[in-house]
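What follows is a single structure, written as structure tokens, with notes after it.
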Amino acid sequence: MTENSPDVLLAAVTAEAGLTGHQIVRGTGKSMLVAGEMDREPVIAKILLTADPFWVAKWRHEIDIYRSFVRERPPVRIPQLKWTNGETALILEWIGDRPADAGRYLSAPLDVGDIAAVVAAAEAISTWQPAVPGSPARRLMVDYQKRIDRYHRRGFFTLADREALLRLLARCGDRREFGHGDLLPANVLLGAGHACTVVDWEFGGQYLPGYDLATLYVLLGGAAPAIRPRIEAAVAAAGRDEEFSVNLACILVRELRIHQELSEGDIARGRLPGLVEAWAEGRRRLHARAG
């Protein structure tokens, strides 16, 4: 795949899919979202712009996931797949609800009902396992030992952290469950009556139990602290505290890495003190669980 201009790619999708009345909603160097109509129904088109092999692979994986959802629908509200060229573009049902937040982190508290709906959606996603052999939703998305070793080499995990994580990982065995894998506030749409729709499935696949709940704990819990007791209760009820602790440690350290790599002038670096404090608590939890 070679990189093309947004205009060229949009023209190709318009011609192939019959997209009309289109208007660019959002564009980045990676992709763009285009609102329009198809067969007189409102839709949203997602078009890949970059030729970066990582994102090309993730894009095709997301297309495969949406195709698998046509065959086996998960127990959570998702937009319906309307069309795809199988490689760089897909067109989805338009869901007019608002994202929980536009950014990576929640910036304002959520309604109690919305909190319950978001946690319930994450729990529902985790209960779904596709029956079709070879489904893309059965792909393992994280090699936990490699990730732990990588963060240890980079100094984020101490030797004691690494040993504690590997002890817990051994206890977890091969237990895996389906997860969204990228449950950012922007990927959760909230509507009337606490309706919750989950979008952007390029990281959908198999994780240690509790991966999505750990993501919500970190990315939403700062602005909506009421979500954390709900998540703790859900983890305890499922008996998945060890898996959750591994996921939480990996996600907290990932967020620390991301924020430390930001430029000095980036306003998001203001989250660093909170992340350092959260990781200190996560580390205490990790060692308590590892015994």
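Chains: A, B, ... in order of the structure tokens. Residues: from 1 per chain. Ligands: from 1, in order shown.
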
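Every protein, DNA or RNA residue with an atom at most 7 Å from segment 96-109 of chain A, where only C-alpha atoms count and chain neighbours fewer than 5 positions away do not, is listed here: Leu184, Pro185, Ala186, Asn187, Val188, Leu189, Leu190, Gly191, Leu219, Leu220, Ala223 and Ala224 of chain A.
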
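Look at Gly113 of chain A: the protein and nucleic acid residues within 12 Å of it, using only C-alpha atoms and passing over chain neighbours fewer than 5 places away, are A:Val118, A:Val119, A:Ala120, A:Leu190, A:Gly191, A:Ala192, A:Gly193, A:His194, A:Ala195, A:Cys196, A:Ala226, A:Ile227, A:Arg230.
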
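If you look at atom CA of Leu92 of chain A and atom CA of Ala45 of chain A, they are 6.3 Å away from each other.
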
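Atom CA of His180 of chain A is positioned 25.1 Å from atom CA of Glu281 of chain A.
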
Item to check | Those in segment 51-198 of chain A with helix (DSSP H, G or I) from DSSP, as a VMD selection string | outcome: chain A and resid 53 to 71 112 to 127 136 to 138 144 to 153 159 to 172 185 to 187 192 to 194

Checklist entry - Counting only C-alpha atoms, what is within 6 Å of segment 205-215 of chain A, bar same-chain residues fewer than 3 positions away, as an NGL selection string? => result :A and (137-141 or 176-179 or 218 or 243-244 or 247-248)

Give me a file of those residues, with N, CA, C and O atoms, as an mmCIF file, in the first residue's frame.
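Output saved as selection_4.cif:
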```cif
data_model
loop_
_atom_site.group_PDB
_atom_site.id
_atom_site.type_symbol
_atom_site.label_atom_id
_atom_site.label_comp_id
_atom_site.auth_asym_id
_atom_site.auth_seq_id
_atom_site.Cartn_x
_atom_site.Cartn_y
_atom_site.Cartn_z
ATOM 1 N N ALA A 137 -11.626 -12.633 16.277
ATOM 2 C CA ALA A 137 -11.849 -12.306 17.681
ATOM 3 C C ALA A 137 -11.157 -13.286 18.622
ATOM 4 O O ALA A 137 -11.093 -13.063 19.826
ATOM 5 N N ARG A 138 -10.615 -14.372 18.077
ATOM 6 C CA ARG A 138 -9.879 -15.352 18.886
ATOM 7 C C ARG A 138 -8.363 -15.113 18.863
ATOM 8 O O ARG A 138 -7.604 -15.872 19.449
ATOM 9 N N ARG A 139 -7.930 -14.062 18.181
ATOM 10 C CA ARG A 139 -6.499 -13.789 18.108
ATOM 11 C C ARG A 139 -5.977 -13.261 19.439
ATOM 12 O O ARG A 139 -6.607 -12.410 20.079
ATOM 13 N N LEU A 140 -4.807 -13.776 19.861
ATOM 14 C CA LEU A 140 -4.143 -13.265 21.060
ATOM 15 C C LEU A 140 -3.533 -11.905 20.744
ATOM 16 O O LEU A 140 -2.755 -11.770 19.802
ATOM 17 N N MET A 141 -3.870 -10.907 21.552
ATOM 18 C CA MET A 141 -3.457 -9.544 21.245
ATOM 19 C C MET A 141 -2.240 -9.067 22.051
ATOM 20 O O MET A 141 -1.607 -8.082 21.680
ATOM 21 N N ARG A 176 -7.958 -16.669 28.914
ATOM 22 C CA ARG A 176 -8.094 -15.474 28.104
ATOM 23 C C ARG A 176 -9.582 -15.238 27.819
ATOM 24 O O ARG A 176 -10.392 -16.165 27.850
ATOM 25 N N GLU A 177 -9.918 -13.977 27.558
ATOM 26 C CA GLU A 177 -11.295 -13.636 27.207
ATOM 27 C C GLU A 177 -11.277 -12.534 26.153
ATOM 28 O O GLU A 177 -10.278 -11.832 25.986
ATOM 29 N N PHE A 178 -12.396 -12.397 25.453
ATOM 30 C CA PHE A 178 -12.487 -11.368 24.427
ATOM 31 C C PHE A 178 -12.512 -9.992 25.081
ATOM 32 O O PHE A 178 -13.168 -9.778 26.107
ATOM 33 N N GLY A 179 -11.784 -9.062 24.496
ATOM 34 C CA GLY A 179 -11.774 -7.689 24.978
ATOM 35 C C GLY A 179 -11.720 -6.709 23.821
ATOM 36 O O GLY A 179 -11.245 -7.034 22.730
ATOM 37 N N VAL A 218 -8.076 3.120 34.729
ATOM 38 C CA VAL A 218 -7.010 4.110 34.570
ATOM 39 C C VAL A 218 -7.501 5.355 33.838
ATOM 40 O O VAL A 218 -7.282 6.490 34.292
ATOM 41 N N GLU A 243 -5.519 -11.586 37.501
ATOM 42 C CA GLU A 243 -5.448 -11.150 36.103
ATOM 43 C C GLU A 243 -5.598 -9.635 35.997
ATOM 44 O O GLU A 243 -4.879 -8.970 35.242
ATOM 45 N N PHE A 244 -6.545 -9.087 36.775
ATOM 46 C CA PHE A 244 -6.766 -7.644 36.754
ATOM 47 C C PHE A 244 -5.507 -6.909 37.210
ATOM 48 O O PHE A 244 -5.137 -5.878 36.626
ATOM 49 N N ASN A 247 -2.999 -6.823 34.353
ATOM 50 C CA ASN A 247 -3.447 -5.862 33.343
ATOM 51 C C ASN A 247 -3.257 -4.424 33.822
ATOM 52 O O ASN A 247 -2.790 -3.558 33.073
ATOM 53 N N LEU A 248 -3.624 -4.167 35.077
ATOM 54 C CA LEU A 248 -3.525 -2.810 35.621
ATOM 55 C C LEU A 248 -2.074 -2.338 35.619
ATOM 56 O O LEU A 248 -1.782 -1.199 35.227
#
```

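The space between atom CA of Arg147 of chain A and atom CA of Tyr217 of chain A spans 19.9 Å.
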
Item to check | Secondary structure check, strand (DSSP E or B) residues of segment 137-258 of chain A, as a ChimeraX atom specification | outcome: /A:140,177-179,188-191,195-198,205-207

Next on the checklist: My list of candidates is A:Leu216, A:Glu163, A:Ile251, A:Arg269. Which is closest to Arg228 of chain A when distances are computed with only C-alpha atoms?
Outcome noted: A:Leu216

Name the residues in contact with Arg71 of chain A at a cut-off of 12 Å, using only C-alpha atoms, excluding same-chain residues fewer than 5 positions from it; report them as a PDB file with N, CA, C and O atoms, in the first residue's frame.
```pdb
ATOM      1  N   ASP A  64     -11.798  -7.273   9.732  1.00  0.00           N
ATOM      2  CA  ASP A  64     -12.107  -8.678  10.003  1.00  0.00           C
ATOM      3  C   ASP A  64     -13.027  -8.817  11.212  1.00  0.00           C
ATOM      4  O   ASP A  64     -13.942  -9.651  11.218  1.00  0.00           O
ATOM      5  N   ILE A  65     -12.783  -8.012  12.245  1.00  0.00           N
ATOM      6  CA  ILE A  65     -13.623  -8.068  13.446  1.00  0.00           C
ATOM      7  C   ILE A  65     -15.058  -7.670  13.110  1.00  0.00           C
ATOM      8  O   ILE A  65     -16.018  -8.342  13.511  1.00  0.00           O
ATOM      9  N   TYR A  66     -15.219  -6.576  12.375  1.00  0.00           N
ATOM     10  CA  TYR A  66     -16.580  -6.156  12.015  1.00  0.00           C
ATOM     11  C   TYR A  66     -17.274  -7.202  11.148  1.00  0.00           C
ATOM     12  O   TYR A  66     -18.483  -7.433  11.276  1.00  0.00           O
ATOM     13  N   GLN A  80     -23.486  -1.166  12.895  1.00  0.00           N
ATOM     14  CA  GLN A  80     -23.569  -2.230  11.885  1.00  0.00           C
ATOM     15  C   GLN A  80     -22.647  -1.921  10.706  1.00  0.00           C
ATOM     16  O   GLN A  80     -22.564  -0.792  10.231  1.00  0.00           O
ATOM     17  N   LEU A  81     -21.934  -2.952  10.248  1.00  0.00           N
ATOM     18  CA  LEU A  81     -21.081  -2.811   9.066  1.00  0.00           C
ATOM     19  C   LEU A  81     -21.959  -2.708   7.823  1.00  0.00           C
ATOM     20  O   LEU A  81     -22.798  -3.563   7.558  1.00  0.00           O
ATOM     21  N   PRO A 130     -16.496 -16.059  20.259  1.00  0.00           N
ATOM     22  CA  PRO A 130     -17.041 -16.521  18.974  1.00  0.00           C
ATOM     23  C   PRO A 130     -16.943 -18.029  18.846  1.00  0.00           C
ATOM     24  O   PRO A 130     -15.966 -18.650  19.276  1.00  0.00           O
ATOM     25  N   ALA A 131     -17.970 -18.602  18.272  1.00  0.00           N
ATOM     26  CA  ALA A 131     -17.994 -20.054  18.073  1.00  0.00           C
ATOM     27  C   ALA A 131     -17.278 -20.467  16.791  1.00  0.00           C
ATOM     28  O   ALA A 131     -16.837 -21.608  16.661  1.00  0.00           O
ATOM     29  N   VAL A 132     -17.186 -19.546  15.833  1.00  0.00           N
ATOM     30  CA  VAL A 132     -16.596 -19.879  14.533  1.00  0.00           C
ATOM     31  C   VAL A 132     -15.091 -20.102  14.673  1.00  0.00           C
ATOM     32  O   VAL A 132     -14.365 -19.213  15.147  1.00  0.00           O
ATOM     33  N   SER A 135     -11.921 -17.393  14.008  1.00  0.00           N
ATOM     34  CA  SER A 135     -12.443 -16.032  14.063  1.00  0.00           C
ATOM     35  C   SER A 135     -11.341 -15.061  14.469  1.00  0.00           C
ATOM     36  O   SER A 135     -10.522 -15.363  15.341  1.00  0.00           O
ATOM     37  N   PRO A 136     -11.283 -13.864  13.852  1.00  0.00           N
ATOM     38  CA  PRO A 136     -10.273 -12.869  14.264  1.00  0.00           C
ATOM     39  C   PRO A 136     -10.426 -12.469  15.724  1.00  0.00           C
ATOM     40  O   PRO A 136      -9.461 -12.021  16.350  1.00  0.00           O
ATOM     41  N   ALA A 137     -11.626 -12.633  16.277  1.00  0.00           N
ATOM     42  CA  ALA A 137     -11.849 -12.306  17.681  1.00  0.00           C
ATOM     43  C   ALA A 137     -11.157 -13.286  18.622  1.00  0.00           C
ATOM     44  O   ALA A 137     -11.093 -13.063  19.826  1.00  0.00           O
TER      45      ALA A 137
END
```

Item to check | Option closest in space to Glu242 of chain A, from A:Ala89, A:Ala288, A:Ala11, A:Val56 [counting only C-alpha atoms] | outcome: A:Ala288

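Of the listed residues A:Pro42, A:Thr20, A:Thr158, A:Leu48, the one whose atoms come nearest to Pro6 of chain A is A:Leu48, with distances taken using only C-alpha atoms.
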
Next on the checklist: Here is a test: counting only C-alpha atoms, which residue of A:Thr197, A:Thr14, A:Ser5, A:Ser263 is nearest to Ile91 of chain A?
Outcome noted: A:Thr14

Please identify all polymer residues within 12 Å of Leu10 of chain A, counting only C-alpha atoms, omitting same-chain residues fewer than 3 positions from it, and present them as an mmCIF file with N, CA and C atoms, in the first residue's frame.
```
data_model
loop_
_atom_site.group_PDB
_atom_site.id
_atom_site.type_symbol
_atom_site.label_atom_id
_atom_site.label_comp_id
_atom_site.auth_asym_id
_atom_site.auth_seq_id
_atom_site.Cartn_x
_atom_site.Cartn_y
_atom_site.Cartn_z
ATOM 1 N N ASN A 4 -1.785 7.887 -0.223
ATOM 2 C CA ASN A 4 -2.452 8.748 -1.190
ATOM 3 C C ASN A 4 -3.060 9.926 -0.455
ATOM 4 N N SER A 5 -3.438 10.934 -1.186
ATOM 5 C CA SER A 5 -4.053 12.086 -0.556
ATOM 6 C C SER A 5 -5.455 11.714 -0.084
ATOM 7 N N PRO A 6 -5.955 12.381 0.963
ATOM 8 C CA PRO A 6 -7.320 12.120 1.424
ATOM 9 C C PRO A 6 -8.362 12.272 0.312
ATOM 10 N N ASP A 7 -8.168 13.245 -0.566
ATOM 11 C CA ASP A 7 -9.135 13.460 -1.649
ATOM 12 C C ASP A 7 -9.206 12.259 -2.591
ATOM 13 N N VAL A 13 -13.573 5.684 -2.425
ATOM 14 C CA VAL A 13 -14.628 5.107 -1.580
ATOM 15 C C VAL A 13 -16.002 5.560 -2.057
ATOM 16 N N THR A 14 -16.100 6.826 -2.423
ATOM 17 C CA THR A 14 -17.370 7.356 -2.920
ATOM 18 C C THR A 14 -17.825 6.598 -4.158
ATOM 19 N N ALA A 15 -16.900 6.355 -5.056
ATOM 20 C CA ALA A 15 -17.240 5.654 -6.299
ATOM 21 C C ALA A 15 -17.584 4.189 -6.048
ATOM 22 N N GLU A 16 -16.825 3.518 -5.179
ATOM 23 C CA GLU A 16 -17.037 2.090 -4.954
ATOM 24 C C GLU A 16 -18.276 1.804 -4.105
ATOM 25 N N ALA A 17 -18.503 2.632 -3.086
ATOM 26 C CA ALA A 17 -19.568 2.334 -2.122
ATOM 27 C C ALA A 17 -20.850 3.114 -2.363
ATOM 28 N N GLY A 18 -20.800 4.122 -3.210
ATOM 29 C CA GLY A 18 -21.992 4.933 -3.424
ATOM 30 C C GLY A 18 -22.263 5.892 -2.283
ATOM 31 N N LEU A 19 -21.183 6.342 -1.627
ATOM 32 C CA LEU A 19 -21.316 7.299 -0.534
ATOM 33 C C LEU A 19 -21.682 8.666 -1.108
ATOM 34 N N THR A 20 -22.676 9.307 -0.519
ATOM 35 C CA THR A 20 -23.121 10.615 -1.010
ATOM 36 C C THR A 20 -23.166 11.620 0.135
ATOM 37 N N GLY A 21 -23.213 12.903 -0.246
ATOM 38 C CA GLY A 21 -23.349 13.975 0.738
ATOM 39 C C GLY A 21 -22.280 13.957 1.799
ATOM 40 N N HIS A 22 -21.070 13.554 1.413
ATOM 41 C CA HIS A 22 -20.045 13.327 2.425
ATOM 42 C C HIS A 22 -19.420 14.613 2.951
ATOM 43 N N GLN A 23 -19.035 14.546 4.235
ATOM 44 C CA GLN A 23 -18.382 15.669 4.901
ATOM 45 C C GLN A 23 -17.364 15.114 5.890
ATOM 46 N N ILE A 24 -16.129 15.609 5.808
ATOM 47 C CA ILE A 24 -15.080 15.132 6.711
ATOM 48 C C ILE A 24 -15.381 15.611 8.127
ATOM 49 N N GLY A 27 -9.969 14.341 10.840
ATOM 50 C CA GLY A 27 -8.857 13.810 10.077
ATOM 51 C C GLY A 27 -7.561 13.908 10.856
ATOM 52 N N SER A 31 -5.780 8.582 9.717
ATOM 53 C CA SER A 31 -7.075 8.213 9.140
ATOM 54 C C SER A 31 -7.998 9.419 9.108
ATOM 55 N N MET A 32 -9.156 9.218 8.495
ATOM 56 C CA MET A 32 -10.177 10.257 8.555
ATOM 57 C C MET A 32 -11.556 9.616 8.684
ATOM 58 N N LEU A 33 -12.452 10.353 9.332
ATOM 59 C CA LEU A 33 -13.856 9.962 9.463
ATOM 60 C C LEU A 33 -14.684 10.875 8.576
ATOM 61 N N VAL A 34 -15.584 10.266 7.811
ATOM 62 C CA VAL A 34 -16.396 11.024 6.861
ATOM 63 C C VAL A 34 -17.859 10.665 7.074
ATOM 64 N N ALA A 35 -18.680 11.658 7.370
ATOM 65 C CA ALA A 35 -20.120 11.445 7.508
ATOM 66 C C ALA A 35 -20.775 11.584 6.144
ATOM 67 N N GLY A 36 -21.778 10.779 5.887
ATOM 68 C CA GLY A 36 -22.483 10.853 4.612
ATOM 69 C C GLY A 36 -23.715 9.968 4.622
ATOM 70 N N ALA A 45 -17.949 6.838 7.405
ATOM 71 C CA ALA A 45 -16.885 6.108 6.713
ATOM 72 C C ALA A 45 -15.570 6.334 7.441
ATOM 73 N N LYS A 46 -14.822 5.251 7.630
ATOM 74 C CA LYS A 46 -13.471 5.314 8.209
ATOM 75 C C LYS A 46 -12.494 4.958 7.101
ATOM 76 N N ILE A 47 -11.547 5.848 6.840
ATOM 77 C CA ILE A 47 -10.614 5.651 5.724
ATOM 78 C C ILE A 47 -9.190 5.775 6.229
ATOM 79 N N LEU A 48 -8.380 4.757 5.958
ATOM 80 C CA LEU A 48 -6.977 4.754 6.370
ATOM 81 C C LEU A 48 -6.160 5.617 5.419
ATOM 82 N N LEU A 49 -5.317 6.476 5.967
ATOM 83 C CA LEU A 49 -4.488 7.352 5.151
ATOM 84 C C LEU A 49 -3.019 6.937 5.116
ATOM 85 N N THR A 88 -8.682 -0.750 3.283
ATOM 86 C CA THR A 88 -8.402 0.601 3.755
ATOM 87 C C THR A 88 -9.630 1.389 4.173
ATOM 88 N N ALA A 89 -10.816 0.858 3.972
ATOM 89 C CA ALA A 89 -12.020 1.642 4.257
ATOM 90 C C ALA A 89 -13.154 0.751 4.721
ATOM 91 N N LEU A 90 -13.938 1.289 5.631
ATOM 92 C CA LEU A 90 -15.178 0.627 6.010
ATOM 93 C C LEU A 90 -16.222 1.692 6.293
ATOM 94 N N ILE A 91 -17.456 1.332 6.038
ATOM 95 C CA ILE A 91 -18.584 2.236 6.255
ATOM 96 C C ILE A 91 -19.512 1.576 7.263
#
```

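Considering the residues A:Val25, A:Asp114, A:Lys30, A:Gly270 and counting only C-alpha atoms, Phe54 of chain A has its shortest atom-to-atom contact with A:Lys30.
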
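Among A:Ile63, A:Ala122, A:Gly221, A:Ala160, the residue with the shortest atom-to-atom distance to Ala290 of chain A, counting only C-alpha atoms, is A:Ala160.
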